[in-house]
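Coordinates as given in target.cif (mmCIF, C-alpha atoms):
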```
data_target
#
loop_
_atom_site.group_PDB
_atom_site.id
_atom_site.type_symbol
_atom_site.label_atom_id
_atom_site.label_comp_id
_atom_site.auth_asym_id
_atom_site.auth_seq_id
_atom_site.Cartn_x
_atom_site.Cartn_y
_atom_site.Cartn_z
ATOM 1 C CA MET J 1 0.000 0.000 0.000
ATOM 2 C CA ALA J 2 1.584 3.263 -1.139
ATOM 3 C CA GLY J 3 1.456 6.168 1.252
ATOM 4 C CA VAL J 4 3.177 9.096 2.898
ATOM 5 C CA PHE J 5 3.513 9.712 6.623
ATOM 6 C CA TRP J 6 4.355 12.756 8.740
ATOM 7 C CA HIS J 7 5.724 12.518 12.271
ATOM 8 C CA ASP J 8 8.086 14.596 14.389
ATOM 9 C CA GLY J 9 8.574 17.194 11.662
ATOM 10 C CA LYS J 10 9.487 14.779 8.865
ATOM 11 C CA TRP J 11 7.798 13.293 5.805
ATOM 12 C CA LEU J 12 8.379 9.563 5.360
ATOM 13 C CA THR J 13 7.476 7.053 2.659
ATOM 14 C CA GLU J 14 7.553 4.057 4.984
ATOM 15 C CA GLU J 15 5.245 3.506 7.942
ATOM 16 C CA PRO J 16 7.012 4.760 11.084
ATOM 17 C CA LYS J 17 7.110 2.638 14.236
ATOM 18 C CA VAL J 18 6.289 5.047 17.029
ATOM 19 C CA LEU J 19 4.913 3.139 20.072
ATOM 20 C CA GLY J 20 6.365 0.841 22.689
ATOM 21 C CA PRO J 21 4.777 -1.261 25.441
ATOM 22 C CA MET J 22 5.292 1.411 28.105
ATOM 23 C CA ASP J 23 3.548 4.150 26.114
ATOM 24 C CA HIS J 24 0.144 5.082 27.514
ATOM 25 C CA ALA J 25 -1.462 4.830 24.064
ATOM 26 C CA PHE J 26 -0.127 1.316 23.560
ATOM 27 C CA TRP J 27 -1.563 -0.246 26.701
ATOM 28 C CA LEU J 28 -4.362 2.098 27.793
ATOM 29 C CA GLY J 29 -5.793 3.280 24.499
ATOM 30 C CA SER J 30 -5.244 7.049 24.579
ATOM 31 C CA ILE J 31 -5.434 7.323 20.801
ATOM 32 C CA LEU J 32 -7.820 9.191 18.531
ATOM 33 C CA PHE J 33 -8.038 9.855 14.829
ATOM 34 C CA ASP J 34 -10.084 11.433 12.109
ATOM 35 C CA GLY J 35 -10.637 10.313 8.563
ATOM 36 C CA ALA J 36 -10.878 12.436 5.444
ATOM 37 C CA ARG J 37 -10.725 11.623 1.749
ATOM 38 C CA ALA J 38 -8.849 12.726 -1.333
ATOM 39 C CA ILE J 39 -10.668 11.556 -4.458
ATOM 40 C CA ARG J 40 -8.842 12.307 -7.691
ATOM 41 C CA GLY J 41 -7.970 15.821 -6.610
ATOM 42 C CA LEU J 42 -11.032 16.494 -4.436
ATOM 43 C CA VAL J 43 -10.674 16.931 -0.674
ATOM 44 C CA PRO J 44 -14.279 17.375 0.541
ATOM 45 C CA ASP J 45 -14.724 18.932 3.981
ATOM 46 C CA LEU J 46 -11.040 18.501 4.795
ATOM 47 C CA ASP J 47 -11.138 21.595 7.015
ATOM 48 C CA LEU J 48 -13.996 20.170 9.092
ATOM 49 C CA HIS J 49 -12.213 16.856 9.611
ATOM 50 C CA CYS J 50 -9.100 18.668 10.812
ATOM 51 C CA GLN J 51 -11.162 20.794 13.173
ATOM 52 C CA ARG J 52 -12.862 17.705 14.566
ATOM 53 C CA VAL J 53 -9.584 15.947 15.371
ATOM 54 C CA ILE J 54 -8.694 18.936 17.551
ATOM 55 C CA ARG J 55 -12.066 18.764 19.333
ATOM 56 C CA SER J 56 -11.609 15.032 19.851
ATOM 57 C CA ALA J 57 -8.186 15.622 21.386
ATOM 58 C CA HIS J 58 -9.573 18.075 23.917
ATOM 59 C CA ALA J 59 -12.441 15.691 24.743
ATOM 60 C CA MET J 60 -9.852 12.981 25.498
ATOM 61 C CA GLY J 61 -7.777 15.191 27.813
ATOM 62 C CA MET J 62 -5.004 15.659 25.282
ATOM 63 C CA LYS J 63 -3.123 18.846 24.431
ATOM 64 C CA PRO J 64 -2.957 19.131 20.641
ATOM 65 C CA THR J 65 0.500 19.996 19.375
ATOM 66 C CA LEU J 66 -0.737 21.431 16.061
ATOM 67 C CA SER J 67 -3.657 23.657 15.099
ATOM 68 C CA ALA J 68 -6.447 22.536 12.782
ATOM 69 C CA GLU J 69 -5.095 24.887 10.136
ATOM 70 C CA ALA J 70 -1.587 23.421 10.381
ATOM 71 C CA ILE J 71 -2.969 19.887 10.135
ATOM 72 C CA GLU J 72 -5.027 20.829 7.092
ATOM 73 C CA GLU J 73 -1.957 22.248 5.344
ATOM 74 C CA LEU J 74 0.014 19.080 6.083
ATOM 75 C CA CYS J 75 -2.848 17.007 4.669
ATOM 76 C CA ARG J 76 -2.905 19.099 1.505
ATOM 77 C CA GLU J 77 0.841 18.747 1.090
ATOM 78 C CA GLY J 78 0.632 14.985 1.551
ATOM 79 C CA VAL J 79 -2.148 14.690 -1.025
ATOM 80 C CA ARG J 80 -0.056 16.652 -3.530
ATOM 81 C CA ARG J 81 2.797 14.222 -2.957
ATOM 82 C CA MET J 82 0.525 11.309 -3.930
ATOM 83 C CA GLY J 83 -0.602 12.802 -7.242
ATOM 84 C CA PRO J 84 -3.803 14.024 -8.941
ATOM 85 C CA ASP J 85 -5.337 10.632 -9.788
ATOM 86 C CA ALA J 86 -5.004 9.029 -6.363
ATOM 87 C CA GLU J 87 -7.931 7.912 -4.206
ATOM 88 C CA LEU J 88 -6.669 8.320 -0.672
ATOM 89 C CA TYR J 89 -7.566 7.954 2.972
ATOM 90 C CA ILE J 90 -6.297 10.837 5.117
ATOM 91 C CA ARG J 91 -5.828 9.930 8.786
ATOM 92 C CA PRO J 92 -4.568 12.528 11.281
ATOM 93 C CA MET J 93 -4.045 11.107 14.780
ATOM 94 C CA PHE J 94 -3.113 12.218 18.277
ATOM 95 C CA PHE J 95 -1.803 9.870 20.951
ATOM 96 C CA VAL J 96 -0.373 10.112 24.451
ATOM 97 C CA ARG J 97 3.013 8.804 25.576
ATOM 98 C CA ARG J 98 2.818 9.048 29.346
ATOM 99 C CA GLY J 99 0.225 8.510 32.036
ATOM 100 C CA ILE J 100 -0.377 10.129 35.392
ATOM 101 C CA GLY J 101 -0.641 7.202 37.774
ATOM 102 C CA ALA J 102 -2.086 3.973 36.403
ATOM 103 C CA ALA J 103 -4.646 5.259 33.913
ATOM 104 C CA GLN J 104 -4.987 9.024 33.424
ATOM 105 C CA PRO J 105 -3.220 10.257 30.273
ATOM 106 C CA ASP J 106 -0.655 13.044 30.608
ATOM 107 C CA GLY J 107 -1.813 15.622 28.088
ATOM 108 C CA ASP J 108 1.635 17.214 27.962
ATOM 109 C CA SER J 109 2.948 14.080 26.224
ATOM 110 C CA THR J 110 0.508 14.327 23.305
ATOM 111 C CA GLU J 111 2.000 13.630 19.888
ATOM 112 C CA PHE J 112 0.653 13.928 16.329
ATOM 113 C CA ILE J 113 1.050 11.614 13.361
ATOM 114 C CA LEU J 114 -0.472 11.747 9.872
ATOM 115 C CA SER J 115 -0.988 8.885 7.415
ATOM 116 C CA ILE J 116 -2.131 9.392 3.819
ATOM 117 C CA TYR J 117 -2.407 6.221 1.777
ATOM 118 C CA ASP J 118 -4.001 4.572 -1.246
ATOM 119 C CA SER J 119 -7.591 3.531 -0.530
ATOM 120 C CA PRO J 120 -9.820 3.127 -3.602
ATOM 121 C CA MET J 121 -13.422 4.247 -3.334
ATOM 122 C CA PRO J 122 -15.750 1.261 -2.846
ATOM 123 C CA ASP J 123 -17.887 -0.074 -5.667
ATOM 124 C CA VAL J 124 -21.467 0.892 -4.767
ATOM 125 C CA SER J 125 -23.167 -0.674 -7.779
ATOM 126 C CA LYS J 126 -24.324 -3.819 -5.948
ATOM 127 C CA GLY J 127 -24.993 -2.321 -2.554
ATOM 128 C CA PHE J 128 -24.518 -4.135 0.754
ATOM 129 C CA SER J 129 -26.581 -6.186 3.181
ATOM 130 C CA ALA J 130 -27.144 -5.448 6.864
ATOM 131 C CA CYS J 131 -29.007 -6.618 9.956
ATOM 132 C CA MET J 132 -29.740 -5.524 13.489
ATOM 133 C CA VAL J 133 -27.223 -6.903 15.991
ATOM 134 C CA PRO J 134 -27.371 -7.431 19.789
ATOM 135 C CA PHE J 135 -24.803 -4.714 20.501
ATOM 136 C CA ARG J 136 -25.482 -1.125 21.483
ATOM 137 C CA ARG J 137 -23.668 2.142 21.302
ATOM 138 C CA PRO J 138 -22.836 3.516 24.753
ATOM 139 C CA ALA J 139 -24.415 6.645 26.176
ATOM 140 C CA ALA J 140 -22.299 9.772 26.554
ATOM 141 C CA ASP J 141 -21.743 9.058 30.264
ATOM 142 C CA MET J 142 -20.443 5.562 29.477
ATOM 143 C CA ALA J 143 -17.688 6.295 26.933
ATOM 144 C CA PRO J 144 -16.016 9.258 25.149
ATOM 145 C CA THR J 145 -18.668 9.353 22.437
ATOM 146 C CA ASP J 146 -17.903 13.018 21.684
ATOM 147 C CA ALA J 147 -14.506 12.015 20.289
ATOM 148 C CA LYS J 148 -13.463 9.859 17.350
ATOM 149 C CA ALA J 149 -11.597 7.721 19.835
ATOM 150 C CA SER J 150 -9.949 4.450 18.860
ATOM 151 C CA CYS J 151 -11.241 2.791 22.056
ATOM 152 C CA LEU J 152 -14.804 2.940 20.679
ATOM 153 C CA TYR J 153 -14.054 0.802 17.658
ATOM 154 C CA PRO J 154 -13.719 -2.697 19.168
ATOM 155 C CA ASN J 155 -17.444 -2.528 19.923
ATOM 156 C CA SER J 156 -18.134 -1.714 16.268
ATOM 157 C CA SER J 157 -15.807 -4.501 15.165
ATOM 158 C CA ARG J 158 -17.592 -7.146 17.206
ATOM 159 C CA ALA J 159 -20.945 -5.911 15.870
ATOM 160 C CA ALA J 160 -19.732 -6.115 12.277
ATOM 161 C CA GLY J 161 -18.242 -9.546 12.985
ATOM 162 C CA TRP J 162 -21.559 -10.801 14.387
ATOM 163 C CA ALA J 163 -23.330 -9.585 11.237
ATOM 164 C CA ARG J 164 -20.823 -11.346 8.968
ATOM 165 C CA GLU J 165 -21.181 -14.569 10.934
ATOM 166 C CA HIS J 166 -24.912 -14.385 10.239
ATOM 167 C CA GLY J 167 -24.482 -13.785 6.511
ATOM 168 C CA TYR J 168 -24.593 -9.993 6.257
ATOM 169 C CA ASP J 169 -22.033 -7.401 5.199
ATOM 170 C CA ASN J 170 -22.668 -4.840 7.925
ATOM 171 C CA ALA J 171 -24.385 -4.306 11.264
ATOM 172 C CA VAL J 172 -27.004 -1.852 12.437
ATOM 173 C CA MET J 173 -26.370 -0.946 16.064
ATOM 174 C CA SER J 174 -28.874 0.347 18.602
ATOM 175 C CA ASP J 175 -28.426 3.229 20.975
ATOM 176 C CA PHE J 176 -28.609 2.770 24.748
ATOM 177 C CA GLU J 177 -32.442 2.925 24.574
ATOM 178 C CA GLY J 178 -32.770 0.280 21.865
ATOM 179 C CA ASN J 179 -33.512 2.643 18.977
ATOM 180 C CA VAL J 180 -31.476 2.631 15.781
ATOM 181 C CA ALA J 181 -28.158 4.471 16.118
ATOM 182 C CA GLU J 182 -26.099 3.792 12.970
ATOM 183 C CA PHE J 183 -24.300 1.180 10.935
ATOM 184 C CA ALA J 184 -21.204 -0.238 12.597
ATOM 185 C CA THR J 185 -19.069 1.627 10.061
ATOM 186 C CA SER J 186 -21.073 4.717 9.101
ATOM 187 C CA ASN J 187 -24.156 6.798 9.756
ATOM 188 C CA LEU J 188 -27.559 5.587 8.563
ATOM 189 C CA MET J 189 -30.406 7.145 6.618
ATOM 190 C CA MET J 190 -33.722 5.647 5.548
ATOM 191 C CA VAL J 191 -36.434 6.789 3.175
ATOM 192 C CA LYS J 192 -40.176 6.342 3.667
ATOM 193 C CA ASP J 193 -42.739 7.867 1.287
ATOM 194 C CA GLY J 194 -40.081 10.196 -0.105
ATOM 195 C CA VAL J 195 -38.991 11.518 3.297
ATOM 196 C CA VAL J 196 -35.396 10.975 4.442
ATOM 197 C CA MET J 197 -34.961 10.127 8.120
ATOM 198 C CA THR J 198 -31.787 9.689 10.136
ATOM 199 C CA PRO J 199 -31.388 8.903 13.840
ATOM 200 C CA ILE J 200 -31.342 11.972 16.023
ATOM 201 C CA ALA J 201 -27.907 12.899 17.355
ATOM 202 C CA ASN J 202 -28.410 11.933 21.009
ATOM 203 C CA GLY J 203 -24.770 11.570 22.049
ATOM 204 C CA THR J 204 -24.564 7.815 21.633
ATOM 205 C CA TYR J 205 -22.678 7.964 18.330
ATOM 206 C CA LEU J 206 -20.632 10.478 16.336
ATOM 207 C CA ALA J 207 -22.962 12.366 14.012
ATOM 208 C CA GLY J 208 -20.652 12.551 11.041
ATOM 209 C CA ILE J 209 -19.432 15.342 8.810
ATOM 210 C CA THR J 210 -20.669 13.565 5.675
ATOM 211 C CA ARG J 211 -24.029 12.951 7.382
ATOM 212 C CA SER J 212 -24.413 16.671 8.039
ATOM 213 C CA ARG J 213 -23.324 17.572 4.515
ATOM 214 C CA VAL J 214 -25.800 15.170 2.902
ATOM 215 C CA LEU J 215 -28.664 16.391 5.099
ATOM 216 C CA GLY J 216 -27.954 19.965 4.073
ATOM 217 C CA LEU J 217 -27.694 19.139 0.374
ATOM 218 C CA LEU J 218 -30.964 17.173 0.418
ATOM 219 C CA ARG J 219 -32.782 20.043 2.100
ATOM 220 C CA GLU J 220 -31.347 22.546 -0.365
ATOM 221 C CA ALA J 221 -32.688 20.323 -3.158
ATOM 222 C CA GLY J 222 -36.175 20.459 -1.667
ATOM 223 C CA ILE J 223 -36.175 16.935 -0.223
ATOM 224 C CA GLU J 224 -37.567 16.633 3.294
ATOM 225 C CA ALA J 225 -34.835 15.279 5.575
ATOM 226 C CA ARG J 226 -35.586 14.737 9.272
ATOM 227 C CA GLU J 227 -33.512 13.861 12.315
ATOM 228 C CA CYS J 228 -35.770 11.712 14.473
ATOM 229 C CA VAL J 229 -36.070 8.566 16.546
ATOM 230 C CA ILE J 230 -35.954 5.491 14.302
ATOM 231 C CA THR J 231 -37.022 2.138 15.689
ATOM 232 C CA PRO J 232 -35.909 -1.212 14.258
ATOM 233 C CA ASP J 233 -39.453 -1.801 13.003
ATOM 234 C CA MET J 234 -39.385 1.516 11.127
ATOM 235 C CA LEU J 235 -36.168 0.449 9.472
ATOM 236 C CA ARG J 236 -37.688 -2.902 8.504
ATOM 237 C CA GLY J 237 -40.446 -1.018 6.668
ATOM 238 C CA ALA J 238 -38.190 1.461 4.862
ATOM 239 C CA ASP J 239 -38.460 2.086 1.133
ATOM 240 C CA GLU J 240 -34.730 2.792 0.886
ATOM 241 C CA ILE J 241 -31.769 2.567 3.267
ATOM 242 C CA PHE J 242 -28.366 4.116 2.686
ATOM 243 C CA ALA J 243 -25.175 4.899 4.547
ATOM 244 C CA THR J 244 -23.259 8.160 4.807
ATOM 245 C CA GLY J 245 -19.669 8.271 5.919
ATOM 246 C CA ASN J 246 -16.195 9.352 4.996
ATOM 247 C CA PHE J 247 -14.994 6.057 3.499
ATOM 248 C CA GLY J 248 -17.681 5.601 0.830
ATOM 249 C CA LYS J 249 -19.584 8.910 1.154
ATOM 250 C CA VAL J 250 -23.026 7.547 0.126
ATOM 251 C CA GLN J 251 -23.508 3.780 -0.133
ATOM 252 C CA TYR J 252 -26.672 1.776 -0.743
ATOM 253 C CA CYS J 253 -28.099 -0.922 1.515
ATOM 254 C CA THR J 254 -29.859 -3.339 -0.837
ATOM 255 C CA ASN J 255 -30.718 -6.107 1.632
ATOM 256 C CA PHE J 256 -31.907 -5.557 5.189
ATOM 257 C CA GLU J 257 -32.412 -8.755 7.187
ATOM 258 C CA GLY J 258 -33.197 -10.720 4.045
ATOM 259 C CA ARG J 259 -35.588 -8.155 2.543
ATOM 260 C CA GLN J 260 -34.403 -6.887 -0.833
ATOM 261 C CA LEU J 261 -34.301 -3.122 -1.262
ATOM 262 C CA PRO J 262 -33.803 -1.054 -4.398
ATOM 263 C CA ILE J 263 -31.008 1.366 -5.081
ATOM 264 C CA GLY J 264 -33.680 3.994 -4.823
ATOM 265 C CA PRO J 265 -34.066 7.416 -6.404
ATOM 266 C CA VAL J 266 -33.568 9.384 -3.190
ATOM 267 C CA ALA J 267 -30.340 7.607 -2.252
ATOM 268 C CA GLN J 268 -29.035 8.030 -5.801
ATOM 269 C CA LYS J 269 -29.944 11.704 -5.650
ATOM 270 C CA ALA J 270 -28.096 12.060 -2.338
ATOM 271 C CA ARG J 271 -24.951 10.565 -3.867
ATOM 272 C CA GLN J 272 -25.206 12.739 -6.962
ATOM 273 C CA LEU J 273 -25.733 15.872 -4.868
ATOM 274 C CA TYR J 274 -22.716 15.051 -2.723
ATOM 275 C CA PHE J 275 -20.289 14.516 -5.575
ATOM 276 C CA ASP J 276 -21.610 17.494 -7.540
ATOM 277 C CA TRP J 277 -21.023 19.636 -4.445
ATOM 278 C CA ALA J 278 -17.535 18.170 -3.939
ATOM 279 C CA GLU J 279 -16.603 18.880 -7.559
ATOM 280 C CA ARG J 280 -17.749 22.499 -7.215
ATOM 281 C CA THR J 281 -16.108 23.277 -3.901
ATOM 282 C CA SER J 282 -13.351 20.835 -2.967
ATOM 283 C CA ARG J 283 -10.824 20.626 -5.804
ATOM 284 C CA LEU J 284 -7.246 20.737 -4.571
ATOM 285 C CA LEU J 285 -5.439 19.494 -7.673
ATOM 286 C CA PRO J 286 -6.152 20.117 -11.359
ATOM 287 C CA LYS J 287 -7.896 17.389 -13.319
ATOM 288 C CA ALA J 288 -5.570 14.915 -14.992
ATOM 289 C CA ALA J 289 -5.044 15.553 -18.725
#
```

Would you mind writing the file out in structure tokens?
Amino acid sequence: MAGVFWHDGKWLTEEPKVLGPMDHAFWLGSILFDGARAIRGLVPDLDLHCQRVIRSAHAMGMKPTLSAEAIEELCREGVRRMGPDAELYIRPMFFVRRGIGAAQPDGDSTEFILSIYDSPMPDVSKGFSACMVPFRRPAADMAPTDAKASCLYPNSSRAAGWAREHGYDNAVMSDFEGNVAEFATSNLMMVKDGVVMTPIANGTYLAGITRSRVLGLLREAGIEARECVITPDMLRGADEIFATGNFGKVQYCTNFEGRQLPIGPVAQKARQLYFDWAERTSRLLPKAA
């Protein structure tokens, strides 16, 4: 996998080895990240992703060593190094070296690292399957749900694993009250009678940047898009289901718990609106000749 990496003031072309067993991040999980995309010269919402990694750091008791603006400039430089035709994942991270006592991270030992690497956009033409799983997202008083913290992801991984063991590609997780929260890997939207609905942001999951962008674009296009409570039964009766997230932007769920679903007109419109907006506003590099 080709990539470029920035750490301790240097650009590298090989993955740096930065942690040891005594580092707080290695054994107690004081690590966070954000994810952005470069798609053939487009860098949609890169500024917002860089701002969020700073907010996540503060939520985790870290002391960011770079500003959001400095991180964004590093990301742009790294994308330029990879070339205009690349499809890339952009992953800025903060982690903590030392701990105060047995568990509390020492914010003064916060470090930054950036990885930018080849990651082709997924093929959305066939869609994906999903099911409800017996795993919930924690409430805000149970975990650092206001940060994109690495410690939250093992719960998502076991949910996705359970779904795969039962013959599905992805999992739909509940919130702490048993209502629909999101897919294990991305935010969730459903369509019923032409109305788009997405679970209300109640602190149990990270309401994503792409989620917010798609909601805004749908509303600008005159499509009703609501944030509301969604129950599993509502999802089972949906006309369309789709995912929004950084990795695939807008992806179609074409099978929910064995029920076939179309790649519907609203979901297709959401994807078209997103990429039209990205083309208008997010170009970093000129189009390849």

Quiz item: Could you name the residues that touch Ile230 in chain J at 9 Å or less, counting all atoms listed in the file, but leaving out those on the same chain fewer than 4 positions away, as a list in words?
Solution: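 Answer for this query is Asn179, Val180, Ala181, Met197, Thr198, Pro199, Ile200, Met234 and Leu235 of chain J.
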
Practice problem: Would you work out the distance separating CA of Ala68 in chain J from CA of Trp6 in chain J, expressed in Å to one decimal? | Solution: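 Between CA of Ala68 in chain J and CA of Trp6 in chain J the gap is 15.1 Å.
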
Exercise. Find the distance between CA of Ala225 in chain J and CA of Phe183 in chain J and write it in Å to one decimal.
Key: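 CA of Phe183 in chain J lies 18.4 Å from CA of Ala225 in chain J.
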
Quiz item: What lies within 12 Å of range 10-14 of chain J using only C-alpha atoms, ignoring chain neighbours under 6 positions off, as a PyMOL selection string?
Solution: chain J and resi 1-4+74-75+77-78+81-82+112-117

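CA of Glu73 in chain J sits 13.3 Å away from CA of Gly9 in chain J.
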
With the cut-off set at 12 Å and counting all atoms listed in the file, tabulate each residue of range 144-187 of chain J with an atom at most that distance from an atom of range 95-111 of chain J, showing the nearest atom pair and its distance in Å to one decimal, ordered by chain and increasing number, as a tab-separated table.
```
residue	atom	partner	partner_atom	distance
J:Ala149	CA	J:Phe95	CA	10.1
J:Ser150	CA	J:Phe95	CA	10.0
J:Cys151	CA	J:Phe95	CA	11.8
```

Writing out the chosen residues with C-alpha atoms as a PDB file, keeping the file's coordinate frame:
```pdb
ATOM      1  CA  ALA J 149     -11.597   7.721  19.835  1.00  0.00           C
ATOM      2  CA  SER J 150      -9.949   4.450  18.860  1.00  0.00           C
ATOM      3  CA  CYS J 151     -11.241   2.791  22.056  1.00  0.00           C
TER       4      CYS J 151
END
```

Quiz item: Can you list, as an MDAnalysis selection string, every protein, DNA or RNA residue that comes within 12 Å of Thr204 in chain J when you count all atoms listed in the file, leaving out same-chain residues fewer than 2 positions away?
Solution: chainID J and resid 136:147 152 173:182 187 199:202 206:207

Export C-alpha atoms of the chosen residues as an mmCIF file, keeping the file's coordinate frame?
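File written: selection-v1.cif
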```cif
data_model
loop_
_atom_site.group_PDB
_atom_site.id
_atom_site.type_symbol
_atom_site.label_atom_id
_atom_site.label_comp_id
_atom_site.auth_asym_id
_atom_site.auth_seq_id
_atom_site.Cartn_x
_atom_site.Cartn_y
_atom_site.Cartn_z
ATOM 1 C CA ARG J 136 -25.482 -1.125 21.483
ATOM 2 C CA ARG J 137 -23.668 2.142 21.302
ATOM 3 C CA PRO J 138 -22.836 3.516 24.753
ATOM 4 C CA ALA J 139 -24.415 6.645 26.176
ATOM 5 C CA ALA J 140 -22.299 9.772 26.554
ATOM 6 C CA ASP J 141 -21.743 9.058 30.264
ATOM 7 C CA MET J 142 -20.443 5.562 29.477
ATOM 8 C CA ALA J 143 -17.688 6.295 26.933
ATOM 9 C CA PRO J 144 -16.016 9.258 25.149
ATOM 10 C CA THR J 145 -18.668 9.353 22.437
ATOM 11 C CA ASP J 146 -17.903 13.018 21.684
ATOM 12 C CA ALA J 147 -14.506 12.015 20.289
ATOM 13 C CA LEU J 152 -14.804 2.940 20.679
ATOM 14 C CA MET J 173 -26.370 -0.946 16.064
ATOM 15 C CA SER J 174 -28.874 0.347 18.602
ATOM 16 C CA ASP J 175 -28.426 3.229 20.975
ATOM 17 C CA PHE J 176 -28.609 2.770 24.748
ATOM 18 C CA GLU J 177 -32.442 2.925 24.574
ATOM 19 C CA GLY J 178 -32.770 0.280 21.865
ATOM 20 C CA ASN J 179 -33.512 2.643 18.977
ATOM 21 C CA VAL J 180 -31.476 2.631 15.781
ATOM 22 C CA ALA J 181 -28.158 4.471 16.118
ATOM 23 C CA GLU J 182 -26.099 3.792 12.970
ATOM 24 C CA ASN J 187 -24.156 6.798 9.756
ATOM 25 C CA PRO J 199 -31.388 8.903 13.840
ATOM 26 C CA ILE J 200 -31.342 11.972 16.023
ATOM 27 C CA ALA J 201 -27.907 12.899 17.355
ATOM 28 C CA ASN J 202 -28.410 11.933 21.009
ATOM 29 C CA LEU J 206 -20.632 10.478 16.336
ATOM 30 C CA ALA J 207 -22.962 12.366 14.012
#
```

Exercise. Starting from the shown file, work through the PyMOL selection byres ((chain J and resi 251-262) around 9) and note down what comes out as a PyMOL selection string.
Key: chain J and resi 122-132+168+235-236+238-245+248-250+263-265+267-268+271

Practice problem: Run the PyMOL selection byres ((chain J and resi 221-223) around 8) on the file and write out the hits as an MDAnalysis selection string. | Solution: chainID J and resid 194:196 217:220 224:225

Take the residues from that selection and put them in a file with C-alpha atoms, as a PDB file, in the frame of the given file.
```pdb
ATOM      1  CA  GLY J 194     -40.081  10.196  -0.105  1.00  0.00           C
ATOM      2  CA  VAL J 195     -38.991  11.518   3.297  1.00  0.00           C
ATOM      3  CA  VAL J 196     -35.396  10.975   4.442  1.00  0.00           C
ATOM      4  CA  LEU J 217     -27.694  19.139   0.374  1.00  0.00           C
ATOM      5  CA  LEU J 218     -30.964  17.173   0.418  1.00  0.00           C
ATOM      6  CA  ARG J 219     -32.782  20.043   2.100  1.00  0.00           C
ATOM      7  CA  GLU J 220     -31.347  22.546  -0.365  1.00  0.00           C
ATOM      8  CA  GLU J 224     -37.567  16.633   3.294  1.00  0.00           C
ATOM      9  CA  ALA J 225     -34.835  15.279   5.575  1.00  0.00           C
TER      10      ALA J 225
END
```

Exercise. Using the chain letters and numbers from the file, give me the residues hit by the PyMOL selection byres ((chain J and resi 90) around 7), as number ranges by chain.
Key: J: 35-37, 88-89, 91-92, 115-117

Quiz item: Can you list, as a list in words, every protein, DNA or RNA residue that comes within 8 Å of Leu42 in chain J when you count only C-alpha atoms, leaving out same-chain residues fewer than 5 positions away?
Solution: Arg37, Ala278, Glu279, Ser282, Arg283, Leu284 and Leu285 of chain J
